[in-house]
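Containing PDB, C-alpha atoms and all ligand atoms: upload-v7.pdb.
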```pdb
ATOM      1  CA  MET L   1       2.459  31.346   3.553
ATOM      2  CA  THR L   2      -0.305  32.019   1.068
ATOM      3  CA  GLY L   3      -1.998  30.311  -1.816
ATOM      4  CA  ASN L   4      -1.459  26.722  -0.704
ATOM      5  CA  LEU L   5      -4.812  24.990  -0.974
ATOM      6  CA  PHE L   6      -3.554  22.202   1.274
ATOM      7  CA  ASP L   7      -2.046  24.392   3.976
ATOM      8  CA  ASP L   8      -3.728  23.395   7.242
ATOM      9  CA  GLY L   9      -2.349  26.446   9.022
ATOM     10  CA  THR L  10       0.131  24.445  11.091
ATOM     11  CA  ASN L  11       2.908  24.397   8.500
ATOM     12  CA  ASN L  12       2.266  20.686   7.983
ATOM     13  CA  SER L  13       0.801  19.932   4.599
ATOM     14  CA  ILE L  14      -1.835  17.240   4.757
ATOM     15  CA  THR L  15      -1.295  14.228   2.555
ATOM     16  CA  PRO L  16      -2.954  10.818   2.750
ATOM     17  CA  PRO L  17      -0.843   7.856   3.935
ATOM     18  CA  VAL L  18      -0.559   6.165   0.536
ATOM     19  CA  SER L  19       2.119   4.959  -1.894
ATOM     20  CA  HIS L  20       1.765   4.750  -5.671
ATOM     21  CA  PHE L  21       4.127   2.494  -7.673
ATOM     22  CA  SER L  22       3.892   2.653 -11.463
ATOM     23  CA  GLY L  23       4.655  -0.475 -13.464
ATOM     24  CA  PHE L  24       4.509  -2.935 -10.553
ATOM     25  CA  LEU L  25       3.399  -5.649 -13.008
ATOM     26  CA  SER L  26       5.224  -6.283 -16.302
ATOM     27  CA  ALA L  27       3.254  -6.440 -19.561
ATOM     28  CA  GLN L  28       3.528 -10.237 -19.452
ATOM     29  CA  GLN L  29       2.309 -10.473 -15.853
ATOM     30  CA  GLN L  30      -0.628  -8.207 -16.763
ATOM     31  CA  SER L  31      -1.673 -10.345 -19.730
ATOM     32  CA  LEU L  32      -1.460 -13.594 -17.708
ATOM     33  CA  LEU L  33      -3.637 -12.064 -14.999
ATOM     34  CA  LEU L  34      -6.064 -10.582 -17.516
ATOM     35  CA  ALA L  35      -6.519 -14.013 -19.127
ATOM     36  CA  GLU L  36      -7.245 -15.554 -15.720
ATOM     37  CA  VAL L  37      -9.818 -12.853 -14.873
ATOM     38  CA  THR L  38     -12.008 -14.081 -17.767
ATOM     39  CA  LEU L  39     -12.496 -17.293 -15.723
ATOM     40  CA  TYR L  40     -13.521 -15.533 -12.478
ATOM     41  CA  PRO L  41     -17.117 -15.830 -11.205
ATOM     42  CA  LEU L  42     -17.735 -12.057 -11.382
ATOM     43  CA  THR L  43     -21.244 -11.140 -10.258
ATOM     44  CA  GLN L  44     -23.242  -7.947  -9.982
ATOM     45  CA  LEU L  45     -24.429  -7.700  -6.385
ATOM     46  CA  GLU L  46     -27.719  -6.179  -5.337
ATOM     47  CA  ILE L  47     -27.966  -3.797  -2.395
ATOM     48  CA  THR L  48     -31.031  -2.433  -0.627
ATOM     49  CA  VAL L  49     -31.073   1.313   0.058
ATOM     50  CA  TYR L  50     -34.120   2.742   1.882
ATOM     51  CA  GLY L  51     -36.020  -0.447   1.077
ATOM     52  CA  LYS L  52     -35.282  -0.219  -2.646
ATOM     53  CA  LYS L  53     -33.142  -2.746  -4.488
ATOM     54  CA  HIS L  54     -30.269  -1.561  -6.689
ATOM     55  CA  LEU L  55     -27.667  -3.415  -8.741
ATOM     56  CA  ILE L  56     -24.225  -2.041  -7.921
ATOM     57  CA  PRO L  57     -22.453  -0.461 -10.943
ATOM     58  CA  ARG L  58     -19.627  -3.040 -11.300
ATOM     59  CA  THR L  59     -19.078  -6.794 -10.998
ATOM     60  CA  GLN L  60     -17.160  -8.428  -8.166
ATOM     61  CA  ALA L  61     -15.576 -11.626  -6.897
ATOM     62  CA  TRP L  62     -14.097 -12.448  -3.475
ATOM     63  CA  PHE L  63     -11.126 -14.810  -3.095
ATOM     64  CA  GLY L  64      -9.256 -15.773   0.052
ATOM     65  CA  ASP L  65      -8.120 -18.275   2.629
ATOM     66  CA  GLU L  66     -10.637 -20.504   4.390
ATOM     67  CA  GLY L  67     -12.776 -18.549   6.902
ATOM     68  CA  CYS L  68     -12.017 -15.114   5.396
ATOM     69  CA  ASP L  69     -15.655 -14.136   4.980
ATOM     70  CA  TYR L  70     -16.667 -10.611   4.212
ATOM     71  CA  ARG L  71     -20.003  -8.889   4.736
ATOM     72  CA  TYR L  72     -21.468  -6.786   1.999
ATOM     73  CA  SER L  73     -24.762  -4.989   2.646
ATOM     74  CA  LYS L  74     -26.015  -7.668   5.089
ATOM     75  CA  THR L  75     -24.890 -10.561   2.855
ATOM     76  CA  LEU L  76     -22.109 -12.803   4.148
ATOM     77  CA  ILE L  77     -19.773 -13.757   1.312
ATOM     78  CA  SER L  78     -17.450 -16.751   1.664
ATOM     79  CA  PRO L  79     -14.205 -16.703  -0.302
ATOM     80  CA  GLU L  80     -13.559 -18.605  -3.506
ATOM     81  CA  PRO L  81     -10.217 -20.459  -3.412
ATOM     82  CA  TRP L  82      -7.151 -18.634  -4.815
ATOM     83  CA  PRO L  83      -6.725 -18.996  -8.592
ATOM     84  CA  PRO L  84      -3.075 -19.702  -9.564
ATOM     85  CA  ILE L  85      -2.051 -16.331 -11.048
ATOM     86  CA  LEU L  86      -3.851 -14.351  -8.333
ATOM     87  CA  SER L  87      -2.058 -16.483  -5.770
ATOM     88  CA  ARG L  88       1.257 -15.532  -7.415
ATOM     89  CA  LEU L  89       0.312 -11.858  -7.205
ATOM     90  CA  ARG L  90      -0.384 -12.256  -3.492
ATOM     91  CA  GLU L  91       3.049 -13.908  -3.148
ATOM     92  CA  LYS L  92       4.703 -11.046  -5.070
ATOM     93  CA  LEU L  93       3.181  -8.494  -2.663
ATOM     94  CA  PHE L  94       4.700 -10.456   0.189
ATOM     95  CA  GLN L  95       8.128 -10.826  -1.457
ATOM     96  CA  ASP L  96       8.427  -7.284  -2.837
ATOM     97  CA  CYS L  97       6.584  -5.276  -0.173
ATOM     98  CA  GLN L  98       6.447  -7.536   2.949
ATOM     99  CA  LEU L  99       2.661  -7.234   2.859
ATOM    100  CA  ASP L 100       0.850 -10.394   3.980
ATOM    101  CA  PHE L 101      -2.730 -10.574   2.720
ATOM    102  CA  ASN L 102      -5.258 -13.396   3.054
ATOM    103  CA  ALA L 103      -8.101 -12.172   0.817
ATOM    104  CA  VAL L 104      -8.764 -10.032  -2.231
ATOM    105  CA  LEU L 105     -11.819  -8.268  -3.662
ATOM    106  CA  VAL L 106     -11.826  -8.137  -7.461
ATOM    107  CA  ASN L 107     -13.862  -5.313  -8.988
ATOM    108  CA  GLN L 108     -14.505  -5.117 -12.710
ATOM    109  CA  TYR L 109     -15.674  -1.775 -14.123
ATOM    110  CA  ALA L 110     -17.010  -2.514 -17.627
ATOM    111  CA  ASN L 111     -16.518   1.096 -18.750
ATOM    112  CA  GLY L 112     -16.507   4.639 -17.357
ATOM    113  CA  SER L 113     -20.154   4.402 -16.269
ATOM    114  CA  ASP L 114     -19.216   1.796 -13.679
ATOM    115  CA  CYS L 115     -17.900   3.334 -10.479
ATOM    116  CA  MET L 116     -17.564   3.125  -6.691
ATOM    117  CA  GLY L 117     -18.897   5.783  -4.329
ATOM    118  CA  TRP L 118     -17.187   7.411  -1.326
ATOM    119  CA  HIS L 119     -16.314   4.931   1.404
ATOM    120  CA  SER L 120     -13.591   3.697   3.754
ATOM    121  CA  ASP L 121     -12.552   0.085   3.950
ATOM    122  CA  ASP L 122     -13.280  -0.012   7.674
ATOM    123  CA  GLU L 123     -15.348  -3.184   8.009
ATOM    124  CA  PRO L 124     -14.939  -4.861  11.407
ATOM    125  CA  GLU L 125     -13.589  -8.072   9.829
ATOM    126  CA  ILE L 126     -10.535  -6.191   8.470
ATOM    127  CA  GLN L 127      -7.483  -6.589  10.727
ATOM    128  CA  PRO L 128      -7.003  -3.287  12.607
ATOM    129  CA  ASN L 129      -3.950  -1.319  11.495
ATOM    130  CA  SER L 130      -3.387  -3.375   8.368
ATOM    131  CA  ALA L 131      -2.602  -1.965   4.934
ATOM    132  CA  ILE L 132      -4.765  -2.449   1.840
ATOM    133  CA  ALA L 133      -2.995  -2.902  -1.497
ATOM    134  CA  SER L 134      -4.677  -2.234  -4.814
ATOM    135  CA  VAL L 135      -3.457  -3.489  -8.198
ATOM    136  CA  THR L 136      -5.010  -2.186 -11.416
ATOM    137  CA  LEU L 137      -5.395  -3.745 -14.876
ATOM    138  CA  GLY L 138      -6.889  -2.251 -18.038
ATOM    139  CA  ALA L 139      -8.247   1.268 -18.436
ATOM    140  CA  CYS L 140      -6.710   4.164 -16.530
ATOM    141  CA  ARG L 141      -9.195   5.609 -14.014
ATOM    142  CA  ASP L 142      -8.931   8.314 -11.368
ATOM    143  CA  PHE L 143      -8.800   7.050  -7.788
ATOM    144  CA  VAL L 144      -9.876   9.942  -5.549
ATOM    145  CA  ILE L 145      -9.119  10.427  -1.855
ATOM    146  CA  LYS L 146     -10.807  12.972   0.426
ATOM    147  CA  HIS L 147     -10.120  13.812   4.081
ATOM    148  CA  LYS L 148     -13.191  13.014   6.217
ATOM    149  CA  THR L 149     -13.327  16.357   8.021
ATOM    150  CA  LEU L 150     -10.937  18.746   6.240
ATOM    151  CA  LYS L 151     -12.206  17.715   2.763
ATOM    152  CA  HIS L 152      -8.776  17.974   1.105
ATOM    153  CA  LYS L 153      -8.906  16.008  -2.145
ATOM    154  CA  PHE L 154      -6.200  14.099  -4.002
ATOM    155  CA  ILE L 155      -6.542  12.450  -7.416
ATOM    156  CA  TYR L 156      -4.377   9.505  -8.462
ATOM    157  CA  PRO L 157      -4.761   8.289 -12.065
ATOM    158  CA  LEU L 158      -4.106   4.540 -11.738
ATOM    159  CA  GLN L 159      -2.759   2.815 -14.842
ATOM    160  CA  SER L 160      -2.620  -0.802 -15.860
ATOM    161  CA  GLY L 161       0.047  -2.601 -13.812
ATOM    162  CA  ASP L 162       0.186   0.022 -11.031
ATOM    163  CA  LEU L 163       0.278  -0.802  -7.324
ATOM    164  CA  PHE L 164      -1.349   1.574  -4.842
ATOM    165  CA  ILE L 165      -1.001   1.040  -1.097
ATOM    166  CA  MET L 166      -3.328   2.519   1.511
ATOM    167  CA  HIS L 167      -1.272   2.379   4.710
ATOM    168  CA  PRO L 168      -2.577   1.774   8.258
ATOM    169  CA  GLY L 169      -4.540   4.787   9.533
ATOM    170  CA  MET L 170      -5.790   5.781   6.087
ATOM    171  CA  GLN L 171      -9.291   4.292   6.522
ATOM    172  CA  GLN L 172      -9.896   6.117   9.819
ATOM    173  CA  GLU L 173      -9.251   9.604   8.415
ATOM    174  CA  TRP L 174      -9.864   9.412   4.678
ATOM    175  CA  LEU L 175     -12.529   8.332   2.209
ATOM    176  CA  HIS L 176     -11.848   7.050  -1.300
ATOM    177  CA  SER L 177     -13.884   6.608  -4.466
ATOM    178  CA  LEU L 178     -13.681   5.696  -8.134
ATOM    179  CA  PRO L 179     -15.850   8.297  -9.905
ATOM    180  CA  LYS L 180     -17.544   7.831 -13.267
ATOM    181  CA  ARG L 181     -15.469   8.841 -16.272
ATOM    182  CA  LEU L 182     -17.875   8.744 -19.198
ATOM    183  CA  LYS L 183     -15.115   9.107 -21.823
ATOM    184  CA  VAL L 184     -13.650   5.741 -20.757
ATOM    185  CA  THR L 185     -15.072   2.993 -22.979
ATOM    186  CA  THR L 186     -12.906   0.014 -21.958
ATOM    187  CA  PRO L 187     -12.874  -2.165 -18.820
ATOM    188  CA  ARG L 188     -10.752  -1.747 -15.724
ATOM    189  CA  ILE L 189     -10.138  -4.496 -13.201
ATOM    190  CA  ASN L 190      -8.959  -3.723  -9.693
ATOM    191  CA  PHE L 191      -7.736  -6.093  -6.994
ATOM    192  CA  THR L 192      -7.863  -4.831  -3.405
ATOM    193  CA  PHE L 193      -5.872  -7.142  -1.165
ATOM    194  CA  ARG L 194      -6.882  -7.183   2.476
ATOM    195  CA  ARG L 195      -5.931  -8.776   5.792
ATOM    196  CA  ILE L 196      -9.120 -10.334   7.173
ATOM    197  CA  ILE L 197      -9.690 -11.725  10.688
ATOM    198  CA  ALA L 198     -10.462 -15.389   9.890
ATOM    199  CA  ASN L 199     -13.774 -16.785  11.175
ATOM    200  CA  PHE L 200     -14.906 -13.326  12.348
ATOM    201  CA  TYR L 201     -18.555 -14.058  11.535
ATOM    202  CA  ARG L 202     -18.593 -17.793  12.428
TER
HETATM  203  O1  LIG P 301     -11.359   0.101  -7.910
HETATM  204  C1  LIG P 301     -10.691   0.729  -7.103
HETATM  205  O2  LIG P 301      -9.627   1.256  -7.383
HETATM  206  C2  LIG P 301     -11.184   0.890  -5.689
HETATM  207  C3  LIG P 301     -11.762  -0.338  -5.086
HETATM  208  C4  LIG P 301     -12.139  -0.132  -3.654
HETATM  209  O3  LIG P 301     -12.058   0.926  -3.118
HETATM  210  C5  LIG P 301     -12.625  -1.269  -2.870
HETATM  211  O4  LIG P 301     -12.722  -2.388  -3.404
HETATM  212  O5  LIG P 301     -12.922  -1.089  -1.695
HETATM  213 FE    FE P 302     -12.273   0.704  -0.970
END
```
Whole structure, structure tokens version:
Amino acid sequence: MTGNLFDDGTNNSITPPVSHFSGFLSAQQQSLLLAEVTLYPLTQLEITVYGKKHLIPRTQAWFGDEGCDYRYSKTLISPEPWPPILSRLREKLFQDCQLDFNAVLVNQYANGSDCMGWHSDDEPEIQPNSAIASVTLGACRDFVIKHKTLKHKFIYPLQSGDLFIMHPGMQQEWLHSLPKRLKVTTPRINFTFRRIIANFYR
């Protein structure tokens, strides 16, 4: 076999353990959620890299059940209580996909200059072998996945209303990122639902 960029030489093509569902949310569900997002306490967090302070290029809010704290760059963040529409989205993930989440990180990217660098969602407070589900609203942006050692890359353009699931095992072997797209001038909001070990840091 020749010419297959993703041929690993074992006759197994390498693909990340993910699922992409277009149109998971109806137009009406998207507009209800979008209206609720305007009420969220979105903040721009500061991180310290090599002793220098930087504002991260997006705004965020953390919602979840009691005790579902999450640590971001040495800061412990306690969850805000579930807003009603977000709570319904969590319920829909359970009903439609049998995925049971107890917290969600909301990221708002104001335009294509806002981004997220390469990382895995492998924090110790995340339940081992749990899935992470991501729901997108607003501008279409490329979600990029790269194998940690083999460097194979996959690009998924995520559109408003799409659901993207990163299955168990994904975070151990793959990195993901949301690169800058300077032609994008409108906001994108992303919800990453997670299963957190309650009271992990208490
Ligand atoms: O905005 C996205 O699609 C990615 C968000 C993400 O990777 C995260 O919150 O960990
Ligand atoms: Fe992530």
The PyMOL selection byres (((not hetatm)) within 8 of (chain P and resi 301)) on the file shown: which residues, as a list of chain:residue names? L:Leu105, L:Val106, L:Asn107, L:Gln108, L:Tyr109, L:Cys115, L:Met116, L:His119, L:Ser120, L:Asp121, L:Ser134, L:Val135, L:Thr136, L:Arg141, L:Phe143, L:Leu158, L:His176, L:Ser177, L:Leu178, L:Ile189, L:Asn190, L:Phe191, L:Thr192
Suppose a student applies the PyMOL selection byres (((chain L and resi 24) around 6) and not hetatm) to this structure; what residues should they get, written as a CSV table (one decimal) with C-alpha atoms, keeping the file's coordinate frame?
```
chain,number,residue,atom,x,y,z
L,22,SER,CA,3.9,2.7,-11.5
L,23,GLY,CA,4.7,-0.5,-13.5
L,25,LEU,CA,3.4,-5.6,-13.0
L,161,GLY,CA,0.0,-2.6,-13.8
L,162,ASP,CA,0.2,0.0,-11.0
L,163,LEU,CA,0.3,-0.8,-7.3
```
Neighbour list for region 62-77 of chain L as a list in words, cut-off 6 Å, all atoms listed in the file, skip fewer than 5 positions in-chain: Trp82, Asn102, Ala103, Val104, Leu105, Ile196, Ala198 and Asn199 of chain L
Give the answer as one residue: which of L:Ala139, L:Asp122, L:Thr149, L:Pro179 has the shortest atom-to-atom distance to ligand FE 302 (chain P), using only C-alpha atoms and all ligand atoms? L:Asp122
Considering all atoms listed in the file, can you say which of L:Arg90, L:Arg194, L:His147, L:Lys183 comes closest to His167 (chain L)? L:Arg194
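Distance annotation: of L:Val37, L:Leu137, L:Ala131, L:Cys97, the residue with the minimal separation from ligand FE 302 (chain P) is L:Ala131; atom set is all atoms listed in the file.
From CA of Thr15 (chain L) back to CA of Ile197 (chain L), the distance works out to 28.5 Å.
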As an exercise, work out the distance from CA of Arg195 (chain L) to CA of Pro124 (chain L) in Å and give it to one decimal place. 11.3 Å
Mind telling me what the PyMOL selection byres (((chain L and resi 130) around 10) and not hetatm) catches here, as a ChimeraX atom specification? /L:99-101,126-129,131-133,166-171,194-196
Measure the distance from CA of Ile14 (chain L) to CA of Lys153 (chain L) in Å and round it to one decimal.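 So the answer is 10.0 Å.
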Would you mind completing region 52-65 of chain L to N, CA and C atoms and writing the output as a tab-separated table (two decimals), in the frame of the given file?
```tsv
chain	number	residue	atom	x	y	z
L	52	LYS	N	-35.23	-0.04	-1.20
L	52	LYS	CA	-35.28	-0.22	-2.65
L	52	LYS	C	-34.05	-0.98	-3.12
L	53	LYS	N	-34.27	-1.93	-4.02
L	53	LYS	CA	-33.14	-2.75	-4.49
L	53	LYS	C	-32.42	-2.09	-5.67
L	54	HIS	N	-31.09	-2.12	-5.61
L	54	HIS	CA	-30.27	-1.56	-6.69
L	54	HIS	C	-29.17	-2.55	-7.04
L	55	LEU	N	-28.85	-2.66	-8.33
L	55	LEU	CA	-27.67	-3.42	-8.74
L	55	LEU	C	-26.47	-2.48	-8.63
L	56	ILE	N	-25.38	-2.93	-8.03
L	56	ILE	CA	-24.22	-2.04	-7.92
L	56	ILE	C	-23.54	-1.92	-9.29
L	57	PRO	N	-22.97	-0.73	-9.59
L	57	PRO	CA	-22.45	-0.46	-10.94
L	57	PRO	C	-21.06	-1.02	-11.21
L	58	ARG	N	-20.89	-2.32	-11.02
L	58	ARG	CA	-19.63	-3.04	-11.30
L	58	ARG	C	-19.87	-4.51	-10.98
L	59	THR	N	-18.96	-5.38	-11.39
L	59	THR	CA	-19.08	-6.79	-11.00
L	59	THR	C	-17.91	-7.14	-10.07
L	60	GLN	N	-18.13	-8.14	-9.22
L	60	GLN	CA	-17.16	-8.43	-8.17
L	60	GLN	C	-16.97	-9.92	-7.95
L	61	ALA	N	-15.81	-10.27	-7.41
L	61	ALA	CA	-15.58	-11.63	-6.90
L	61	ALA	C	-14.67	-11.52	-5.67
L	62	TRP	N	-14.83	-12.46	-4.75
L	62	TRP	CA	-14.10	-12.45	-3.48
L	62	TRP	C	-13.31	-13.75	-3.35
L	63	PHE	N	-12.00	-13.64	-3.23
L	63	PHE	CA	-11.13	-14.81	-3.10
L	63	PHE	C	-10.36	-14.70	-1.78
L	64	GLY	N	-10.05	-15.85	-1.17
L	64	GLY	CA	-9.26	-15.77	0.05
L	64	GLY	C	-9.03	-17.12	0.69
L	65	ASP	N	-8.35	-17.07	1.84
L	65	ASP	CA	-8.12	-18.27	2.63
L	65	ASP	C	-9.43	-18.69	3.29
```
